[in-house]
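The next block is my_file-v5.cif, given as mmCIF, C-alpha atoms.
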```cif
data_structure
loop_
_atom_site.label_atom_id
_atom_site.label_comp_id
_atom_site.auth_asym_id
_atom_site.auth_seq_id
_atom_site.Cartn_x
_atom_site.Cartn_y
_atom_site.Cartn_z
CA MET A 1 -34.73 27.92 -12.18
CA LEU A 2 -32.47 25.39 -10.44
CA THR A 3 -33.18 23.29 -7.37
CA ALA A 4 -30.39 22.26 -4.98
CA HIS A 5 -30.20 18.59 -3.98
CA THR A 6 -27.73 17.94 -1.16
CA TYR A 7 -26.27 14.57 -0.27
CA ASN A 8 -23.87 13.01 2.21
CA VAL A 9 -21.68 10.30 0.69
CA ALA A 10 -18.86 8.85 2.81
CA GLY A 11 -19.08 11.87 5.09
CA LEU A 12 -18.65 14.32 2.20
CA LYS A 13 -21.27 16.91 1.22
CA LEU A 14 -22.23 16.75 -2.46
CA VAL A 15 -24.47 19.41 -4.02
CA LEU A 16 -26.36 18.81 -7.24
CA LEU A 17 -28.10 21.79 -8.90
CA LEU A 18 -30.75 20.56 -11.31
CA PRO A 19 -33.58 22.05 -13.38
CA GLN A 20 -36.71 22.47 -11.29
CA GLU A 21 -38.65 20.15 -13.58
CA PHE A 22 -36.27 17.22 -12.97
CA ASP A 23 -37.76 14.76 -10.48
CA ALA A 24 -34.73 13.70 -8.42
CA GLY A 25 -36.75 11.21 -6.39
CA LYS A 26 -37.69 9.34 -9.55
CA GLY A 27 -34.57 9.99 -11.63
CA LEU A 28 -32.02 9.40 -8.86
CA PRO A 29 -33.54 6.69 -6.62
CA ASN A 30 -30.07 5.50 -5.64
CA PHE A 31 -29.45 8.79 -3.80
CA LYS A 32 -32.57 8.61 -1.61
CA ASP A 33 -30.76 7.22 1.45
CA PHE A 34 -28.02 9.85 1.14
CA VAL A 35 -30.14 13.02 1.27
CA LEU A 36 -28.55 15.44 3.73
CA GLY A 37 -30.66 16.67 6.61
CA GLU A 38 -31.54 20.35 6.95
CA ASP A 39 -29.34 20.70 10.06
CA ALA A 40 -26.21 19.77 8.07
CA LYS A 41 -26.81 21.65 4.83
CA SER A 42 -24.76 24.64 5.99
CA ALA A 43 -21.57 22.56 5.94
CA GLU A 44 -19.05 23.30 3.19
CA ALA A 45 -19.56 21.27 0.03
CA ALA A 46 -16.80 18.95 -1.10
CA LEU A 47 -18.30 18.95 -4.59
CA THR A 48 -20.89 21.03 -6.48
CA LEU A 49 -22.27 19.89 -9.84
CA LYS A 50 -24.48 22.41 -11.67
CA TRP A 51 -26.69 21.92 -14.73
CA VAL A 52 -26.45 24.46 -17.57
CA GLU A 53 -28.63 24.59 -20.64
CA ALA A 54 -25.80 24.36 -23.17
CA LEU A 55 -22.15 23.37 -23.10
CA THR A 56 -19.72 22.88 -25.98
CA LEU A 57 -16.48 20.91 -25.94
CA PRO A 58 -13.61 23.27 -26.88
CA GLU A 59 -11.96 22.61 -30.24
CA ASP A 60 -8.54 22.35 -28.59
CA ALA A 61 -9.67 19.79 -25.99
CA ARG A 62 -7.29 16.80 -25.99
CA LEU A 63 -8.78 13.30 -25.78
CA LEU A 64 -7.09 11.33 -23.01
CA PHE A 65 -8.95 8.04 -23.29
CA THR A 66 -12.35 6.43 -23.80
CA GLU A 67 -13.86 3.54 -21.89
CA ASP A 68 -17.02 1.46 -22.25
CA SER A 69 -19.01 0.00 -19.37
CA ASP A 70 -22.55 -1.02 -18.45
CA MET A 71 -23.17 2.71 -17.99
CA GLY A 72 -22.35 3.49 -21.62
CA ARG A 73 -19.30 5.16 -23.17
CA THR A 74 -17.26 7.75 -21.29
CA SER A 75 -14.60 9.92 -22.91
CA TYR A 76 -12.10 11.99 -20.93
CA PHE A 77 -10.53 15.19 -22.24
CA SER A 78 -8.18 17.87 -20.95
CA CYS A 79 -8.21 21.53 -21.95
CA GLY A 80 -5.80 23.83 -20.16
CA ARG A 81 -6.24 23.19 -16.46
CA GLU A 82 -9.77 21.86 -16.80
CA SER A 83 -11.06 18.34 -17.35
CA TRP A 84 -13.98 17.43 -19.60
CA PHE A 85 -16.12 14.29 -19.48
CA SER A 86 -18.46 13.12 -22.24
CA LEU A 87 -21.02 10.37 -21.54
CA ASP A 88 -23.27 8.54 -23.97
CA PHE A 89 -25.87 6.04 -22.76
CA VAL A 90 -28.87 4.65 -24.68
CA GLY A 91 -29.13 7.68 -26.94
CA CYS A 92 -28.75 10.24 -24.15
CA LYS A 93 -25.61 12.37 -24.01
CA ALA A 94 -24.04 14.50 -21.30
CA LEU A 95 -21.05 16.83 -21.32
CA MET A 96 -19.30 18.05 -18.19
CA ARG A 97 -16.57 20.63 -17.48
CA VAL A 98 -14.60 20.24 -14.26
CA THR A 99 -12.33 22.72 -12.47
CA GLU A 100 -8.72 21.82 -11.74
CA ASP A 101 -9.44 21.00 -8.09
CA TYR A 102 -12.51 18.86 -9.01
CA ARG A 103 -14.67 20.74 -6.50
CA GLN A 104 -16.82 22.56 -9.08
CA ALA A 105 -18.35 21.24 -12.28
CA ILE A 106 -21.04 22.21 -14.75
CA PHE A 107 -22.81 19.86 -17.12
CA SER A 108 -25.35 19.85 -19.90
CA ILE A 109 -27.96 17.16 -20.54
CA ASP A 110 -31.56 16.91 -21.69
CA PRO A 111 -33.30 16.53 -18.29
CA ALA A 112 -36.39 15.07 -19.98
CA ALA A 113 -34.47 12.17 -21.58
CA PRO A 114 -35.52 8.78 -20.14
CA THR A 115 -31.94 7.91 -19.12
CA SER A 116 -30.88 11.36 -17.93
CA GLY A 117 -30.89 10.21 -14.30
CA VAL A 118 -28.50 7.36 -15.11
CA LEU A 119 -26.04 9.76 -16.73
CA ILE A 120 -26.29 12.31 -13.93
CA SER A 121 -25.53 9.54 -11.43
CA SER A 122 -22.57 8.45 -13.57
CA LEU A 123 -21.21 12.00 -13.65
CA MET A 124 -21.44 12.18 -9.87
CA ARG A 125 -19.69 8.83 -9.54
CA ALA A 126 -16.82 9.93 -11.79
CA LEU A 127 -16.39 13.16 -9.81
CA PHE A 128 -16.73 11.50 -6.41
CA ALA A 129 -13.96 9.03 -7.26
CA GLN A 130 -11.59 11.99 -7.70
CA ILE A 131 -12.77 14.24 -4.86
CA VAL A 132 -12.66 11.48 -2.22
CA LEU A 133 -8.91 11.20 -2.90
CA LEU A 134 -8.55 14.72 -1.50
CA HIS A 135 -10.21 13.59 1.72
CA ASP A 136 -7.99 10.61 2.60
CA GLY A 137 -10.17 8.18 0.70
CA ILE A 138 -10.41 5.86 -2.30
CA SER A 139 -13.37 4.60 -4.31
CA ILE A 140 -12.79 0.89 -4.93
CA HIS A 141 -14.47 -1.47 -7.39
CA ALA A 142 -15.45 -4.24 -5.01
CA SER A 143 -18.24 -6.04 -3.21
CA CYS A 144 -18.34 -5.49 0.53
CA VAL A 145 -19.99 -7.27 3.47
CA ILE A 146 -20.24 -6.50 7.17
CA ARG A 147 -19.75 -9.31 9.69
CA ASP A 148 -19.80 -8.70 13.44
CA GLY A 149 -19.54 -4.95 12.89
CA ARG A 150 -16.46 -5.11 10.65
CA ALA A 151 -16.29 -4.81 6.86
CA TYR A 152 -14.59 -7.09 4.35
CA MET A 153 -14.07 -6.23 0.68
CA PHE A 154 -13.77 -8.62 -2.27
CA LEU A 155 -12.07 -7.54 -5.51
CA GLY A 156 -11.41 -9.19 -8.84
CA LYS A 157 -11.76 -8.92 -12.58
CA SER A 158 -15.27 -8.63 -14.00
CA GLY A 159 -16.96 -12.02 -13.85
CA THR A 160 -14.66 -13.33 -11.13
CA GLY A 161 -17.51 -13.79 -8.68
CA LYS A 162 -17.26 -10.89 -6.22
CA SER A 163 -21.02 -10.72 -5.76
CA THR A 164 -21.27 -14.50 -5.51
CA HIS A 165 -18.61 -14.61 -2.79
CA SER A 166 -20.42 -11.88 -0.84
CA ARG A 167 -23.64 -13.90 -1.00
CA LEU A 168 -21.74 -16.94 0.26
CA TRP A 169 -20.60 -14.94 3.30
CA LEU A 170 -24.20 -13.88 3.95
CA SER A 171 -25.22 -17.55 3.89
CA ALA A 172 -22.24 -18.81 5.87
CA PHE A 173 -22.38 -16.23 8.65
CA PRO A 174 -25.87 -15.40 9.97
CA GLY A 175 -26.25 -11.74 10.80
CA SER A 176 -23.87 -10.63 8.07
CA GLU A 177 -25.11 -7.94 5.68
CA LEU A 178 -24.20 -6.53 2.30
CA LEU A 179 -22.80 -2.99 2.49
CA ASN A 180 -22.28 -2.35 -1.24
CA ASP A 181 -21.88 -4.59 -4.28
CA ASP A 182 -19.76 -2.51 -6.67
CA ASN A 183 -18.36 0.86 -5.52
CA PRO A 184 -17.80 1.23 -1.78
CA ALA A 185 -15.57 4.07 -0.62
CA VAL A 186 -12.81 3.80 1.97
CA ARG A 187 -11.61 6.73 4.07
CA ILE A 188 -8.63 6.67 6.42
CA PHE A 189 -9.10 8.13 9.89
CA PRO A 190 -6.74 8.35 12.89
CA ASP A 191 -8.39 5.24 14.37
CA GLY A 192 -8.12 3.27 11.11
CA PRO A 193 -9.78 2.83 7.70
CA ARG A 194 -13.54 2.86 7.40
CA VAL A 195 -15.64 1.71 4.44
CA PHE A 196 -18.84 3.47 3.36
CA GLY A 197 -21.78 2.51 1.23
CA THR A 198 -22.41 4.76 -1.78
CA PRO A 199 -25.23 5.41 -4.28
CA TRP A 200 -23.36 3.25 -6.82
CA SER A 201 -23.71 -0.50 -6.41
CA GLY A 202 -23.71 -1.95 -9.91
CA LYS A 203 -26.78 -3.92 -10.97
CA LEU A 204 -27.75 -4.72 -7.39
CA LYS A 205 -29.81 -1.98 -5.73
CA CYS A 206 -27.79 -1.91 -2.51
CA TRP A 207 -27.77 1.87 -1.99
CA ARG A 208 -27.11 2.03 1.74
CA ASN A 209 -25.80 4.99 3.70
CA VAL A 210 -23.97 2.85 6.26
CA SER A 211 -20.33 2.37 7.23
CA ALA A 212 -18.08 0.07 9.24
CA PRO A 213 -14.40 -0.30 10.13
CA LEU A 214 -12.55 -2.06 7.31
CA ALA A 215 -10.88 -5.25 8.56
CA GLY A 216 -9.71 -6.98 5.38
CA ILE A 217 -9.51 -7.03 1.58
CA VAL A 218 -9.38 -10.15 -0.59
CA ARG A 219 -8.65 -10.45 -4.30
CA LEU A 220 -10.57 -13.35 -5.82
CA ARG A 221 -9.63 -15.67 -8.66
CA GLN A 222 -11.76 -18.49 -10.05
CA ALA A 223 -10.16 -21.91 -9.62
CA PRO A 224 -11.10 -25.63 -9.41
CA PHE A 225 -10.08 -25.58 -5.74
CA ASN A 226 -10.12 -23.33 -2.68
CA SER A 227 -6.87 -21.74 -1.49
CA PHE A 228 -6.18 -18.63 0.59
CA GLU A 229 -2.90 -16.74 0.89
CA LEU A 230 -2.24 -13.77 3.12
CA LEU A 231 -0.14 -11.17 1.25
CA ASP A 232 2.69 -8.97 2.41
CA GLU A 233 2.40 -5.20 1.94
CA LEU A 234 4.05 -5.05 -1.49
CA GLN A 235 1.97 -7.93 -2.84
CA ALA A 236 -1.15 -6.39 -1.32
CA PHE A 237 -0.52 -3.05 -3.01
CA SER A 238 -0.14 -4.65 -6.44
CA GLN A 239 -3.32 -6.72 -6.04
CA VAL A 240 -5.58 -3.95 -4.73
CA TYR A 241 -4.26 -1.22 -7.06
CA PRO A 242 -6.23 -2.32 -10.19
CA GLY A 243 -9.51 -1.97 -8.32
CA CYS A 244 -8.90 1.64 -7.23
CA SER A 245 -10.71 4.40 -9.12
CA VAL A 246 -8.67 7.42 -10.18
CA LEU A 247 -8.11 9.48 -13.30
CA ARG A 248 -4.66 8.00 -13.85
CA THR A 249 -3.61 10.75 -16.25
CA ASP A 250 -3.73 13.19 -13.31
CA SER A 251 -0.39 12.61 -11.59
CA PHE A 252 -1.39 14.52 -8.43
CA LEU A 253 -4.52 12.45 -7.86
CA HIS A 254 -2.71 9.24 -8.79
CA ASP A 255 -0.01 9.99 -6.20
CA ARG A 256 -2.67 10.65 -3.57
CA MET A 257 -4.35 7.35 -4.38
CA CYS A 258 -1.04 5.47 -4.07
CA ASP A 259 -0.33 7.14 -0.73
CA HIS A 260 -3.74 6.13 0.64
CA LEU A 261 -3.39 2.60 -0.73
CA SER A 262 0.01 2.20 0.96
CA VAL A 263 -1.57 3.13 4.29
CA LEU A 264 -4.41 0.65 3.74
CA CYS A 265 -2.09 -2.21 2.86
CA SER A 266 0.00 -1.60 5.96
CA SER A 267 -2.95 -1.33 8.35
CA LEU A 268 -5.11 -4.36 7.55
CA LYS A 269 -4.99 -7.91 6.23
CA VAL A 270 -5.05 -8.39 2.45
CA GLY A 271 -5.39 -11.85 0.94
CA MET A 272 -5.49 -13.69 -2.39
CA MET A 273 -8.24 -16.29 -2.72
CA ASP A 274 -8.41 -18.95 -5.43
CA CYS A 275 -11.88 -20.33 -5.04
CA LEU A 276 -14.90 -22.27 -6.09
CA PRO A 277 -18.39 -20.75 -5.71
CA ASN A 278 -19.18 -22.83 -2.62
CA ILE A 279 -19.78 -22.24 1.07
CA GLU A 280 -16.41 -23.76 1.94
CA ALA A 281 -14.71 -20.88 0.13
CA ALA A 282 -16.44 -18.35 2.40
CA HIS A 283 -15.37 -20.27 5.52
CA MET A 284 -11.77 -20.54 4.29
CA CYS A 285 -11.62 -16.86 3.36
CA ALA A 286 -12.93 -15.79 6.75
CA ALA A 287 -10.50 -18.09 8.54
CA GLY A 288 -7.61 -16.69 6.52
CA LEU A 289 -8.53 -13.11 7.36
CA LEU A 290 -9.47 -13.64 10.99
CA GLU A 291 -6.98 -16.29 12.04
CA GLY A 292 -4.42 -16.72 9.29
CA VAL A 293 -0.77 -15.80 9.36
CA LEU A 294 1.38 -14.99 6.33
CA GLY A 295 1.18 -18.15 4.25
CA ILE A 296 -1.27 -20.46 2.52
CA ILE A 297 -4.42 -22.23 3.67
CA ARG A 298 -5.66 -25.06 1.50
#
```
Can you dump the structure from the file as structure tokens?
Amino acid sequence: MLTAHTYNVAGLKLVLLLPQEFDAGKGLPNFKDFVLGEDAKSAEAALTLKWVEALTLPEDARLLFTEDSDMGRTSYFSCGRESWFSLDFVGCKALMRVTEDYRQAIFSIDPAAPTSGVLISSLMRALFAQIVLLHDGISIHASCVIRDGRAYMFLGKSGTGKSTHSRLWLSAFPGSELLNDDNPAVRIFPDGPRVFGTPWSGKLKCWRNVSAPLAGIVRLRQAPFNSFELLDELQAFSQVYPGCSVLRTDSFLHDRMCDHLSVLCSSLKVGMMDCLPNIEAAHMCAAGLLEGVLGIIR
């Protein structure tokens, strides 16, 4: 017997069908704020992920690539028109088969395993990053704050200090708040881009179902000084691109991501910030985004 768990992430309905004995409240605490109300459950699902008791990777499945992260090891395969994902985290394994349009998927996992909830959340994150591309959106690896009702995203290589810079903004500008610390999602609407909190926020438990208009993006680099440069559209595209989540072996999805990113880079300010982890960096970054013109602030 399966139980349906329905969520709203970035305005998209996600349905998760799990064994009745799986405690979603305990196993998926990061989804608590995203539970969809009864009045909206009749809406069409953008994604449905269903648990099955057993699933076997086909012998002719072709390995595309493997990556390691704090969520374990993920391997991506293709077989005909379907995609397969294999996850391994702290002794718990999951296997998932995904339809060509990424709207339907089935997966197998031991629901009683201590880390099963972590893997189920990771499967949903991997699928969401693809499906949001079909709804004028992008999942971006970044930390994001809201100041005066507008959102600002900070990107950079791991260890650059995205979270630190967000905390500096919270200290520098009273009333500011953290929207998400690792995987916010951006969707493009007729009135402009909007950034959404998601159930995935890295090590910080910032699982907030909130959103705000996106006003700026900044790529951070550690340096022994503070310097801000506002980028033109081509520079902006190249600096934001590495932080965008997409299965790059899928040319259709990759093209959609590039199209959305082009719109983003032409509709808001994007900057490059060389910085120290001090309050002056937050003030300079904000000044560059809010007041700066194309050029450099030192």
Distance in Å - CA of Pro213 (chain A) versus CA of Gly149 (chain A):
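These two atoms are separated by 7.5 Å.
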Which one of A:Ser122, A:Val35, A:Pro242, A:Arg208 sits closest to Ser158 (chain A) if you count only C-alpha atoms?
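The answer is A:Pro242, which sits nearest to Ser158 (chain A).
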Selection in question (the file shown): the PyMOL selection byres ((chain A and resi 206) around 12). Which residues does it include, as a PyMOL selection string?
chain A and resi 29-33+143-145+163+177-184+196-205+207-210
All residues 10 Å or closer to Arg219 (chain A), only C-alpha atoms, same chain fewer than 3 positions away omitted, as a ChimeraX atom specification
/A:142,153-157,160,162,228-229,236,239-240,243,270-274
Apply the PyMOL selection byres ((chain A and resi 7-12) around 6) to the structure shown and report the selected residues as an MDAnalysis selection string.
chainID A and resid 6 13:14 34:36 46 196
To verify the selection step, state as a tab-separated table (two decimals) with C-alpha atoms, in the frame of the given file which residues the PyMOL selection byres ((chain A and resi 253-257) around 9) yields on this input.
```
chain	number	residue	atom	x	y	z
A	130	GLN	CA	-11.59	11.99	-7.70
A	131	ILE	CA	-12.77	14.24	-4.86
A	133	LEU	CA	-8.91	11.20	-2.90
A	134	LEU	CA	-8.55	14.72	-1.50
A	136	ASP	CA	-7.99	10.61	2.60
A	137	GLY	CA	-10.17	8.18	0.70
A	138	ILE	CA	-10.41	5.86	-2.30
A	241	TYR	CA	-4.26	-1.22	-7.06
A	244	CYS	CA	-8.90	1.64	-7.23
A	245	SER	CA	-10.71	4.40	-9.12
A	246	VAL	CA	-8.67	7.42	-10.18
A	247	LEU	CA	-8.11	9.48	-13.30
A	248	ARG	CA	-4.66	8.00	-13.85
A	249	THR	CA	-3.61	10.75	-16.25
A	250	ASP	CA	-3.73	13.19	-13.31
A	251	SER	CA	-0.39	12.61	-11.59
A	252	PHE	CA	-1.39	14.52	-8.43
A	258	CYS	CA	-1.04	5.47	-4.07
A	259	ASP	CA	-0.33	7.14	-0.73
A	260	HIS	CA	-3.74	6.13	0.64
A	261	LEU	CA	-3.39	2.60	-0.73
A	262	SER	CA	0.01	2.20	0.96
```
